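Undergrad: What follows is a structure written as structure tokens; I'll ask about it next.
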Amino acid sequence: MTAAELFDGLGIAYEEAFGRLPAQSDAVDWLAARLAPGARVLDVGSGTGRPVAERLADAGFEVTGIDVSRVMVELARAQVPKARFEQCDVRDFAPEGGFDAVCSFFPLLMMSRAEASAALRRMAGWLVPGGYLVSATVPADVEDAEVEWMGRRVRVSSCSTDAYLRLLREDCGLELLHHSVSLFLPDGGLAAPEEHLFCYARRPVDGE
């Protein structure tokens, strides 16, 4: 099952299970407090548009969301008309100009480790100097492991917390500002509790 097939099938059920994630809300608040009015923000794996793109667009930022799922993009366009959404894989996305911030909340888990690392490097490269990458993943030392998630059998890859932080610092060249690990219980009973790693990072300004 591809990520597009998985999330086409989940639709609004994903928002119902994961739409009230406290650590994600904190990350969006943190980011919004540091951006200038009208800042350009990219939401990678934007899902239904809620809560991330919606909150950032309502705060007055210019938000673009990308997602591989056609169903998710259709839901996001209907629910968050203030933002722009495109059906696109982050591995193929070719933006015009840089972004003041990139949000990446759990979009890389169905890629191989090599693909996920390359995607993070691409996102870091889209940041303007001083721009922020706010990201989250499920920290685990696994490669192409089959798991059951929300009633589906899917294959996932990830890395440990230390390896992810090292990737942001060394491979992406970012300044790590904050990281935290928390346990989240999705609503509705369709998914088991998950450990989440949230990271706030910044692209250094030339000369720093």
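Order determines the names: the first chain of the structure tokens is A, the second B, and so forth; residues in each chain are numbered 1 upward, and ligands are numbered 1 upward as they are shown.
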Identify, on the basis of only C-alpha atoms, every residue whose closest approach to Glu5 (chain A) does not exceed 12 Å; exclude the query and any residue fewer than 2 positions from it along the same chain; express the result as a list of chain:residue names.
TA: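 In the requested format, the answer is A:Met1, A:Thr2, A:Ala3, A:Phe7, A:Asp8, A:Gly9, A:Leu10, A:Gly11, A:Asp67, A:Val68, A:Ser69, A:Arg70, A:Val71, A:Met72, A:Met110, A:Arg152, A:Arg153, A:Val154.
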Undergrad: Please produce an output containing all heavy atoms for each residue in the selection, written as a compact mmCIF listing (two decimals), in the first residue's frame.
TA:
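Output file out_20.txt is given in full below:
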# COMPACT_ATOMS: atom_id res chain seq x y z
N MET A 1 0.84 -1.19 0.00
CA MET A 1 0.00 0.00 0.00
C MET A 1 0.88 1.25 0.00
O MET A 1 1.78 1.38 0.82
CB MET A 1 -0.93 -0.01 1.23
CG MET A 1 -1.83 1.21 1.32
SD MET A 1 -2.89 1.18 2.78
CE MET A 1 -3.96 -0.23 2.42
N THR A 2 0.64 2.15 -0.93
CA THR A 2 1.38 3.40 -0.97
C THR A 2 0.78 4.39 0.03
O THR A 2 -0.34 4.22 0.50
CB THR A 2 1.34 4.03 -2.37
OG1 THR A 2 -0.01 4.43 -2.65
CG2 THR A 2 1.83 3.05 -3.43
N ALA A 3 1.54 5.46 0.32
CA ALA A 3 1.02 6.50 1.20
C ALA A 3 -0.24 7.13 0.62
O ALA A 3 -1.20 7.44 1.34
CB ALA A 3 2.09 7.55 1.45
N PHE A 7 -3.89 7.10 2.66
CA PHE A 7 -4.59 8.29 3.11
C PHE A 7 -5.82 8.61 2.27
O PHE A 7 -6.75 9.24 2.77
CB PHE A 7 -3.63 9.47 3.20
CG PHE A 7 -2.71 9.35 4.38
CD1 PHE A 7 -1.45 8.81 4.25
CD2 PHE A 7 -3.14 9.72 5.65
CE1 PHE A 7 -0.62 8.66 5.35
CE2 PHE A 7 -2.32 9.59 6.76
CZ PHE A 7 -1.05 9.05 6.61
N ASP A 8 -5.86 8.14 1.02
CA ASP A 8 -7.11 8.22 0.27
C ASP A 8 -8.19 7.42 1.00
O ASP A 8 -9.36 7.82 1.06
CB ASP A 8 -6.93 7.66 -1.14
CG ASP A 8 -6.29 8.65 -2.11
OD1 ASP A 8 -6.17 9.84 -1.76
OD2 ASP A 8 -5.92 8.23 -3.22
N GLY A 9 -7.80 6.25 1.53
CA GLY A 9 -8.77 5.40 2.22
C GLY A 9 -9.17 5.93 3.59
O GLY A 9 -10.30 5.74 4.02
N LEU A 10 -8.25 6.61 4.27
CA LEU A 10 -8.54 7.12 5.61
C LEU A 10 -9.42 8.36 5.57
O LEU A 10 -10.35 8.51 6.36
CB LEU A 10 -7.24 7.43 6.35
CG LEU A 10 -6.43 6.23 6.82
CD1 LEU A 10 -5.10 6.68 7.40
CD2 LEU A 10 -7.21 5.44 7.88
N GLY A 11 -9.11 9.30 4.67
CA GLY A 11 -9.88 10.52 4.56
C GLY A 11 -9.99 11.26 5.88
O GLY A 11 -9.03 11.41 6.63
N ASP A 67 0.49 17.28 -0.51
CA ASP A 67 0.17 15.95 0.00
C ASP A 67 0.05 15.00 -1.18
O ASP A 67 -0.40 15.40 -2.27
CB ASP A 67 -1.15 15.97 0.79
CG ASP A 67 -1.27 14.80 1.75
OD1 ASP A 67 -1.47 13.66 1.28
OD2 ASP A 67 -1.15 15.02 2.96
N VAL A 68 0.45 13.74 -0.98
CA VAL A 68 0.37 12.76 -2.07
C VAL A 68 -1.05 12.25 -2.29
O VAL A 68 -1.36 11.68 -3.34
CB VAL A 68 1.30 11.55 -1.82
CG1 VAL A 68 2.75 11.98 -1.83
CG2 VAL A 68 0.95 10.85 -0.51
N SER A 69 -1.93 12.46 -1.31
CA SER A 69 -3.28 11.90 -1.38
C SER A 69 -4.25 12.88 -2.05
O SER A 69 -4.43 14.00 -1.60
CB SER A 69 -3.78 11.58 0.04
OG SER A 69 -5.18 11.38 0.06
N ARG A 70 -4.91 12.41 -3.10
CA ARG A 70 -5.92 13.22 -3.79
C ARG A 70 -7.07 13.56 -2.85
O ARG A 70 -7.56 14.70 -2.82
CB ARG A 70 -6.44 12.47 -5.01
CG ARG A 70 -7.60 13.17 -5.73
CD ARG A 70 -8.20 12.28 -6.81
NE ARG A 70 -8.66 11.01 -6.29
CZ ARG A 70 -9.80 10.82 -5.63
NH1 ARG A 70 -10.63 11.84 -5.43
NH2 ARG A 70 -10.15 9.62 -5.19
N VAL A 71 -7.51 12.59 -2.07
CA VAL A 71 -8.63 12.80 -1.15
C VAL A 71 -8.27 13.85 -0.10
O VAL A 71 -9.07 14.74 0.21
CB VAL A 71 -9.05 11.47 -0.48
CG1 VAL A 71 -10.04 11.72 0.64
CG2 VAL A 71 -9.64 10.52 -1.51
N MET A 72 -7.07 13.76 0.44
CA MET A 72 -6.65 14.74 1.44
C MET A 72 -6.60 16.15 0.85
O MET A 72 -7.03 17.12 1.50
CB MET A 72 -5.28 14.36 2.01
CG MET A 72 -5.31 13.13 2.89
SD MET A 72 -6.29 13.40 4.40
CE MET A 72 -5.96 11.89 5.28
N MET A 110 6.57 6.44 5.53
CA MET A 110 6.40 5.36 4.56
C MET A 110 7.44 5.40 3.45
O MET A 110 7.33 4.70 2.44
CB MET A 110 4.97 5.38 3.99
CG MET A 110 3.93 4.99 5.03
SD MET A 110 2.23 4.92 4.39
CE MET A 110 2.34 3.47 3.32
N ARG A 152 -4.92 -0.81 9.02
CA ARG A 152 -4.26 -1.15 7.76
C ARG A 152 -2.87 -1.72 8.02
O ARG A 152 -2.22 -1.33 8.98
CB ARG A 152 -4.09 0.08 6.86
CG ARG A 152 -5.32 0.48 6.04
CD ARG A 152 -6.31 1.25 6.82
NE ARG A 152 -7.34 1.86 5.96
CZ ARG A 152 -8.44 2.41 6.40
NH1 ARG A 152 -8.70 2.43 7.70
NH2 ARG A 152 -9.31 2.95 5.57
N ARG A 153 -2.42 -2.62 7.15
CA ARG A 153 -1.06 -3.12 7.21
C ARG A 153 -0.20 -2.22 6.31
O ARG A 153 -0.45 -2.09 5.11
CB ARG A 153 -0.97 -4.56 6.74
CG ARG A 153 -1.81 -5.53 7.54
CD ARG A 153 -1.39 -5.64 8.98
NE ARG A 153 -0.05 -6.17 9.15
CZ ARG A 153 0.54 -6.36 10.34
NH1 ARG A 153 -0.10 -6.03 11.45
NH2 ARG A 153 1.75 -6.86 10.41
N VAL A 154 0.80 -1.59 6.90
CA VAL A 154 1.66 -0.68 6.15
C VAL A 154 3.11 -0.97 6.48
O VAL A 154 3.43 -1.56 7.52
CB VAL A 154 1.34 0.80 6.46
CG1 VAL A 154 -0.09 1.15 6.04
CG2 VAL A 154 1.54 1.10 7.95
Undergrad: Neighbouring residues of Leu21 (chain A) were defined as those with any atom within 9 Å, considering only C-alpha atoms; residues of the same chain fewer than 2 positions away were excluded. Please report them as JSON, numbers by chain.
TA: {"A": [18, 19, 23, 24, 25, 26, 184, 185, 186]}
Undergrad: Quick one: write out the picked residues with C-alpha atoms as a compact mmCIF listing (two decimals), in the first residue's frame?
TA:
# COMPACT_ATOMS: atom_id res chain seq x y z
CA PHE A 18 -4.88 12.92 15.08
CA GLY A 19 -6.36 16.42 14.81
CA ALA A 23 2.64 18.81 20.91
CA GLN A 24 1.67 19.76 17.36
CA SER A 25 -0.45 22.64 18.63
CA ASP A 26 2.50 23.85 20.70
CA PHE A 184 0.05 10.49 22.25
CA LEU A 185 -3.15 8.45 22.35
CA PRO A 186 -5.14 9.04 19.14
Undergrad: Could you state the separation of CA of Phe198 (chain A) and CA of His179 (chain A) in Å, given to one decimal place?
TA: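 Spanning CA of Phe198 (chain A) to CA of His179 (chain A) is a straight-line distance of 5.5 Å.
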Undergrad: Can you measure CA of Ala76 (chain A) to CA of Gly49 (chain A) for me? One decimal in Å is fine.
TA: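 Taking CA of Ala76 (chain A) as the start and CA of Gly49 (chain A) as the end point, the length is 4.4 Å.
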Undergrad: Kindly indicate which residue among A:Leu183, A:Ala136, A:Ala78, A:Ala101 lies nearest to Leu168 (chain A), using only C-alpha atoms for the distances.
TA: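 Smallest distance to Leu168 (chain A) is found for A:Ala136.
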